[in-house]
Amino acid sequence: MTKTSIKSRRARETRLKAYGIASISFALIMLATLLISIGLNGYSALQQAYFKVEVSIDVEKFIDESGALNNKKMNLFNWDSLVQSALIEMFPAVKDRDEKKELFAIISANSGYDLKETVKSNPLRNGSQNLAVWLHLSDDADQYLKGRLSIEIPEEDRRISDKQIAWVDSLVERDIAKLKFNKTFFTSADSREPESAGILGSVIGSALTLFVTIIFALPLAVMAAIYLEYFAKPGRITDFIEVNVNNLAAVPSIVFGLLGLSVFLSTFGLPRSAPLVGGLVLGLMTLPTIIIASRASIRSIPPSIREAALGLGASKMQAALHHVLPLAAPGILTGTIIGMAQALGETAPLLMIGMVAFIIDIPTTFTSSATAMPVQIYMWSDSAERAFYERSSLAILFLVAFLISMNLLAVVLRKKFEKKW
Amino acid sequence: MTLPISFVFFVLLGLSVYFYYHAKSSIVRKAAFLGKRSKALPSHYGQQSFLWAFIPSFLILLVLTIGGPNYIDQIFYNKIQELNPTFNESFVSLILAKVINVSNGKISTDEETIIILAKDYKIAFEQLHFYRGLVVILCAALLGMIISYRQKPGSNAREQVEKFIVNIFFASAVIAIFTTVAIILSLFFEALRFFNLYNFFDFIFGLHWAPNVAIRTDQVAAEGSFGMIPVLLGTLLISFIAMCVAIPIGLFSAIYLAEFATPKIRDFVKPTLEILAGIPTVVYGYFAALTAAPFFRDIGFSLGLDVSSESAIAAGAVMGIMIIPFISSLSDDVIRAVPQSLRDGSMGLGATKAETIYIVILPAAIPGLVGAVLLAVSRAIGETMIVVMAAGLSANLTVNPLDSVTTVTVQIVSLLTGDTEFDDIKTLSAFGLGLALFFFTLLLNIFALSISRRLAERYD
Amino acid sequence: MRRNGEIMTSKFRTKNVEVYYSDKKAIRDISLNIEKNIVTALIGPSGCGKSTFLRCLNRMNDVIENCSIKGSIHLDEQDIYGPDIDPVELRARVGMVFQKPNPFPKSIFDNIAYGPRIHGLASSDNELKDIVYNSLEKAGLIDEVKDRLNDQATGLSGGQQQRICIARAIAVSPEVILMDEPCSALDPIATAKIEELMNELCESYTIIIVTHSMQQAARVSKKTAFFHLGDLIEYNDTDKIFTQPENEKTQDYITGRFG
């Protein structure tokens, strides 16, 4: 009797173990699936289809009396038609108006603008000059070249027609269209055209926002933590503060967004969509995280250090600031990094304060309209164009890689400074 | 003459630093003159002067910077209203916005009155900036001089500085209270305005949610209905699905990690799960919308089921994956907090590890585990991005996980990201939902935190 | 100071001192005078309140929450719990060495220099250096560490660390040094060094030492106070206490019946 029962008892243990292993494997497989599926979606956005266009430009047209480039004159010039006529030269057979329109759809709608910017950035030479410029193909042509548009389905369901496919193929054959490294993605802000859209605007928006967050949250959190650990007299107020801190750490982030909307925007009248407001909202949100981490770090410093200082006639404040705080700094830093990683990935509160707007300019100040990386990802994945999906995925890869390295840094710091007293 | 904020700030900082050095050297002179040793170090007197000169002036600068423009706007609002008392509120606001934009040079206009107002507006701003700078700098200079004059070698500057700093520290800690109060007040007052327009009980118990208010604003709430039950039900349905995924997987992972795993496995799995926890929710949302939802639809299709493309099950399952590490790491802590002596006692009687876990450890850890699960539920309810991207917008009163449902957070986002006016009933209803969300999660959090605190006390 | 032909050497005068932790009374009704420039030992079984009493002498108990004290303690005729006394200044006059060596995780130099720095004892870097060297010399440590003043103090041996702590206390030029079982974490050789040091230091400082070792009390102190369950049982010359104690409990304790 005992034998069988021991067997079944052992089986129970094996089962429990198996559930555990299965659960962990499931979680890890999901993590892998998530990252791989996004990676597969996104890697192709590292490249972008370009075509080479040769244009001749009469610089004299854009120069004013002083001999410098005149922006107004440049803006008035019809760059689009310059690109378009160059394109028609490549396909002399295209004559019909509708056909021309179809042809122009294979190149980016921003081609003229891009050409102008290239000319502006080129060194200025007198007289007319011939330029060979690589410009973006349209997102559909780009997706076709990457094999992301299936051409098996009937033509009328496709975003790219048979004719257009033939033109693109012919460009590729003639070696004047190819996939090149997608520099635009890293150097420009958002755009209506996927081929001109980049993450730089949102990266800078995130950086400005996080800067405000850390300037706001870190000092306050450290001061609050020191107060709660060393100066707070036990009593109702201290208890109430603690309950509040712990609860705030678990309040849904969108509620902080609502707070920002009604306090910072409508009561204080701060500007919408501004990194300043985003930073303050995220700061309030990460404050409890950093307070809790800082308190834990301060508490891990042995009391004997503090006693030594007090025994020498240091005041409580001196003991805290001269001895405990420097020793607790690595732990506080770790908590801050984790809090910042959390803030960097946060989207919902930013939606509430209008950082979800479509913004073409790269933000330059704390009050200019901006968006943030996760919001950019959200907006792109909401777009209709297939080419935005891959950009969204690539942006995710960068964001996640950055967040993982932040978290790893926190882990490494913790390991390095983990002291056994 | 304009004094931009950065200029004022740096002058303020410079002045304060000057007073630091001034106080430091003057206390040494004073002490030498009296032939006494000063009670604190010279640098303490310097710090005192710095703080006294800097902090009050800095606060004045903040108040004027935030309050000043609002005050000017109010003045011009009244001015516009006086010009034409027949204008209603929103029209006056519209003109004010125009005036502001004209004065910033963002738009141009030919309307004479607006141009004049814009000019006045610009002048008012310049005056505000000028007086702000003047007041702040004078205040700092005056305070700095007063404190330097009053410092005597016999006064204990260190003690006074430290008292001041402790008060600043206290104020920082109190911000946590202020934040909570601000959340409650802002949600409450906006929600109150909503309940002025819409019956409170219709909101709480209404079975129909369709915030499509008619285009004409005078049709207050005539067409829109704001019954939150379907929205709440959708929230609970998705959270329930998420919990069905997260609780078993999170708990079993935690048990395995705490009781069976070798240190090597632990060292690998724990940080990896932390990565899962560190992935932004917008990424899960993307995954739910673009990978999970089509996956579930295809499976449903092959089984002959009609699965919505914004099915609750896709959003819920992905949310569950997001919450796994949350539950597993909290539960891991709880299980490891159960004293070793309990384990030893059970194992010493010849119990297997599994029996020890089922009979001794889990019952001992139950309050903590319940706390962890409640925190996770609170998180699922408040989670926004996954559902915004993968769940639907229409509020269906259903518990079918294959249907599309909407959640509280989805509605808040969709109501507040449109180009609606702030006073609009739709905007206000979002605050009603926000208030409900806040209290719901607050109750869960407080309950969960008190449970886990009680556990911590038991084994202290 | 001589008056009426008798040497007036009281450094501390305590009267009816009682200490409470919350409502629990830790020591009751302690009245004793501690003499100047000798070593006084406080002995007794653990939990008898000797450390609590010691920590009253430089108000280190202030830091502990819920701790309250009654009675009076005078240092040179000044009530140290008086309203005009800053505990910070008091602790500069009454230094303390703790049970476990607790050097700051900083360089040896910074450890010694910290006290003089916060009290503004040195007006120049050279003066600060002199203070550090003198303190190390007094603590008998200068030869061992003079070449590595910039090394971490935590890298030293336990005995050296404790002497760093003593040097650190000396650097503030206190009048009294309180030692709370300074040798309990040290080996016998390090202990002997510290005891020797105490003998030298008591020429210029008043030393009060809490110890659980009766032998140590007998070796280093001139006067000994025996505490038991929060009461002061006996206070007398060390020789007397160890040879002919007046109280039965003292007798029992030193002969090893309990403790």
# chains A, B, ... in the order shown; residues from 1 in each chain; ligands from 1
call {"tool": "residues_around", "arguments": {"residues": "range 147-158 of chain A", "least_positions_apart": "6", "cutoff": "9 Å", "atoms": "only C-alpha atoms", "output": "NGL selection string"}}
result
:A and (140-141 or 386-387)
call {"tool": "write_last_selection", "arguments": {"atoms": "N, CA and C atoms", "output": "PDB file, in the first residue's frame"}}
result
ATOM      1  N   ASP A 140       4.137  52.294 -51.949  1.00  0.00           N
ATOM      2  CA  ASP A 140       3.625  51.077 -52.582  1.00  0.00           C
ATOM      3  C   ASP A 140       4.699  50.407 -53.432  1.00  0.00           C
ATOM      4  N   ALA A 141       5.427  51.238 -54.190  1.00  0.00           N
ATOM      5  CA  ALA A 141       6.520  50.673 -54.987  1.00  0.00           C
ATOM      6  C   ALA A 141       7.560  50.050 -54.066  1.00  0.00           C
ATOM      7  N   ARG A 386       0.511  50.039 -45.543  1.00  0.00           N
ATOM      8  CA  ARG A 386       1.300  48.886 -45.123  1.00  0.00           C
ATOM      9  C   ARG A 386       2.703  49.314 -44.709  1.00  0.00           C
ATOM     10  N   ALA A 387       3.212  50.338 -45.379  1.00  0.00           N
ATOM     11  CA  ALA A 387       4.591  50.753 -45.117  1.00  0.00           C
ATOM     12  C   ALA A 387       4.742  51.366 -43.731  1.00  0.00           C
TER      13      ALA A 387
END
call {"tool": "interface_residues", "arguments": {"of": "chain A", "to": "chain C", "cutoff": "12 Å", "atoms": "only C-alpha atoms", "output": "PyMOL selection string"}}
result
chain A and resi 229-235+301-319+322-324+326-327+419+421
call {"tool": "closest_residue", "arguments": {"among": "B:Gly348, B:Gly14, B:Pro69, B:Pro42", "to": "chain C", "atoms": "only C-alpha atoms"}}
result
B:Pro42
call {"tool": "residues_around", "arguments": {"residues": "Asn75 in chain A", "least_positions_apart": "2", "cutoff": "12 Å", "atoms": "only C-alpha atoms", "output": "number ranges by chain"}}
result
A: 61-62, 69-73, 77-80, 112-117, 119-120
call {"tool": "interface_residues", "arguments": {"of": "chain B", "to": "chain C", "cutoff": "10 Å", "atoms": "only C-alpha atoms", "output": "PyMOL selection string"}}
result
chain B and resi 37-43+156+159
call {"tool": "residues_around", "arguments": {"residues": "Val133 in chain A", "least_positions_apart": "4", "cutoff": "7 Å", "atoms": "only C-alpha atoms", "output": "ChimeraX atom specification"}}
result
/A:52-54
call {"tool": "write_last_selection", "arguments": {"atoms": "N, CA and C atoms", "output": "PDB file, in the first residue's frame"}}
result
ATOM      1  N   LYS A  52      16.995  56.999 -59.029  1.00  0.00           N
ATOM      2  CA  LYS A  52      17.961  58.052 -59.330  1.00  0.00           C
ATOM      3  C   LYS A  52      17.371  58.952 -60.395  1.00  0.00           C
ATOM      4  N   VAL A  53      17.416  60.228 -60.175  1.00  0.00           N
ATOM      5  CA  VAL A  53      16.902  61.146 -61.169  1.00  0.00           C
ATOM      6  C   VAL A  53      17.993  62.156 -61.479  1.00  0.00           C
ATOM      7  N   GLU A  54      18.154  62.427 -62.791  1.00  0.00           N
ATOM      8  CA  GLU A  54      19.170  63.415 -63.168  1.00  0.00           C
ATOM      9  C   GLU A  54      18.474  64.678 -63.612  1.00  0.00           C
TER      10      GLU A  54
END
call {"tool": "interface_residues", "arguments": {"of": "chain B", "to": "chain A", "cutoff": "7 Å", "atoms": "only C-alpha atoms", "output": "compact mmCIF listing (two decimals) with C-alpha atoms, in the first residue's frame"}}
result
# COMPACT_ATOMS: atom_id res chain seq x y z
CA ILE B 66 1.97 79.86 -14.32
CA GLY B 67 -0.62 82.30 -12.98
CA ASN B 70 -4.03 82.97 -16.99
CA GLU B 162 18.60 72.15 8.42
CA PHE B 169 11.86 67.49 2.32
CA PHE B 170 8.51 67.32 4.06
CA SER B 172 8.32 66.83 -1.27
CA ALA B 173 6.81 63.95 0.65
CA VAL B 174 3.48 65.72 0.86
CA ALA B 176 2.19 62.33 -2.85
CA ILE B 177 -0.85 63.47 -0.88
CA THR B 180 -3.95 61.98 -4.85
CA ILE B 183 -6.59 63.42 -8.95
CA SER B 186 -10.07 67.11 -10.78
CA ILE B 249 0.78 30.68 -15.61
CA PHE B 252 2.93 28.03 -11.48
CA SER B 253 5.96 29.95 -12.72
CA ILE B 255 6.05 28.18 -7.50
CA TYR B 256 8.58 26.60 -9.80
CA ILE B 275 12.08 41.94 -19.83
CA LEU B 276 8.55 40.78 -20.53
CA ILE B 279 8.02 45.90 -22.71
CA PRO B 280 5.81 48.95 -23.22
CA VAL B 282 1.89 49.90 -26.80
CA VAL B 283 4.02 47.03 -28.10
CA TYR B 286 0.55 46.29 -31.60
CA PHE B 287 1.06 42.56 -31.15
CA LYS B 353 8.01 18.93 -1.78
CA ALA B 354 4.68 19.07 -3.61
CA ARG B 379 -3.70 46.71 -13.48
CA GLY B 382 -6.57 50.25 -15.84
CA GLU B 383 -4.56 48.98 -18.80
CA THR B 384 -5.10 51.23 -21.77
CA MET B 385 -2.97 50.74 -24.85
CA VAL B 413 -9.11 57.72 -24.91
CA LEU B 416 -10.62 62.77 -25.24
CA THR B 417 -8.42 62.44 -28.31
CA GLY B 434 -12.16 58.21 -15.10
CA PHE B 438 -9.99 55.52 -10.20
CA THR B 441 -8.74 50.50 -8.83
CA ASN B 445 -5.19 48.57 -4.44
CA ILE B 446 -5.96 49.47 -0.86
call {"tool": "residues_around", "arguments": {"residues": "Trp52 in chain B", "least_positions_apart": "5", "cutoff": "8 Å", "atoms": "only C-alpha atoms", "output": "PDB file with N, CA and C atoms, in the first residue's frame"}}
result
ATOM      1  N   LEU B 143      15.776  89.902   0.292  1.00  0.00           N
ATOM      2  CA  LEU B 143      15.857  88.824   1.276  1.00  0.00           C
ATOM      3  C   LEU B 143      17.308  88.496   1.589  1.00  0.00           C
ATOM      4  N   GLY B 144      18.122  88.460   0.549  1.00  0.00           N
ATOM      5  CA  GLY B 144      19.538  88.151   0.753  1.00  0.00           C
ATOM      6  C   GLY B 144      20.194  89.163   1.669  1.00  0.00           C
ATOM      7  N   ILE B 147      18.879  88.793   5.350  1.00  0.00           N
ATOM      8  CA  ILE B 147      19.398  87.645   6.096  1.00  0.00           C
ATOM      9  C   ILE B 147      20.882  87.841   6.398  1.00  0.00           C
TER      10      ILE B 147
END
call {"tool": "select_by_dssp", "arguments": {"residues": "range 43-147 of chain A", "states": "alpha helix (DSSP H)", "output": "ChimeraX atom specification"}}
result
/A:71-76,79-90,97-104,111-121,139-145
